[in-house]
Structures are given as structure tokens and as C-alpha cells.
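Only one structure is covered here, and it is reproduced in the block below.
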Amino acid sequence: MEGEGLSHGIALFNRSEYFEAHEVLEDVWRDAPAERKRFLQGLVQCAVAFHHYSTGNRVGMRGVMERAIRNLGECPADFRVVEVEMLVGSLMRWREALDNENELPPLPKIEIAASGL
């Protein structure tokens, strides 16, 4: 289930269907073993953050995005199925743009790692 659900959730995220991505990824997170929960929670939080952004809630987006950056940055590298560094880098560029009221970067995408799904 995790691989199929994770793939589907990532596809939804990459199509900017953030609410739907959150729902799918949350189901994957709920059923995951303890050692994968932080990583999956970070992906859920990315979807929630950009859902908030899509509804104009930048304050909510900012708080959830910070938790996503923290959770993704702390997950062990040996089970990362996505390009976590690329995703975190994109989130950090969003944070910087929001903090400095600069032009926002492109919406982030979740890229599958070469050793991923």
C-alpha cells in the first residue's frame, strides 16, 4: 500500500492538488512503521502548507512549512524515496521569499529519487 499510495499522493502534489495529496499521504503516514513516520509526516505537511497557500492562508502555510522542513531534514537518508534535499531547498526558497516579501519561486515538486519507488 505504501508505494502505491505514496506514488499517488506525490502525483497529486505535483499537480497542485494539495488537499487531495494531503488526504492520500495522511493515509500512508497513518499505516507506516514508526521509523518512516517523520519522513511521511513531512510530506503530509508539505501538502497541507501548499493547500493553505492555495486558499490564501500564508500564516498557516508558513507554520506548517517550517514543520515540514524540520521533519524532512531529520529523516534518515537510507529510506528516502524522494529527493529530499531538493524539496527542502525549494521550501527554504519559499520561506526566504515570504520572509523578504520577494517574488515567490515556482511551486515545489516532489521528485522521486533514483533509488526510490
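Here, A, B, ... name the chains of the C-alpha cells in the order displayed, residue numbers run from 1 inside each chain, and ligands are numbered from 1 in the same displayed order.
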
**Q.** 10 Å contact set for range 43-48 of chain A, only C-alpha atoms, chain neighbours under 3 positions out, as a ChimeraX atom specification
**A.** /A:6,9-10,12-14,16-29,37-40,51-54,60-61,63-69,71-72,82,84,87-88,91,108,110

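Put simply, CA of Glu101 in chain A is 17.9 Å away from CA of Gly89 in chain A.
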
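Reported to one decimal place, the separation of CA of Glu4 in chain A from CA of Ile112 in chain A is 13.1 Å.
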
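Residue nearest Ser90 in chain A within the list A:Val59, A:Cys75, A:Leu107, A:Ala113: A:Leu107 [criterion: smallest interatomic distance, only C-alpha atoms].
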
Q: Using only C-alpha atoms, find the one residue out of A:Arg15, A:Arg30, A:His8, A:Arg70 that sits nearest to Phe50 in chain A.
A: A:Arg15
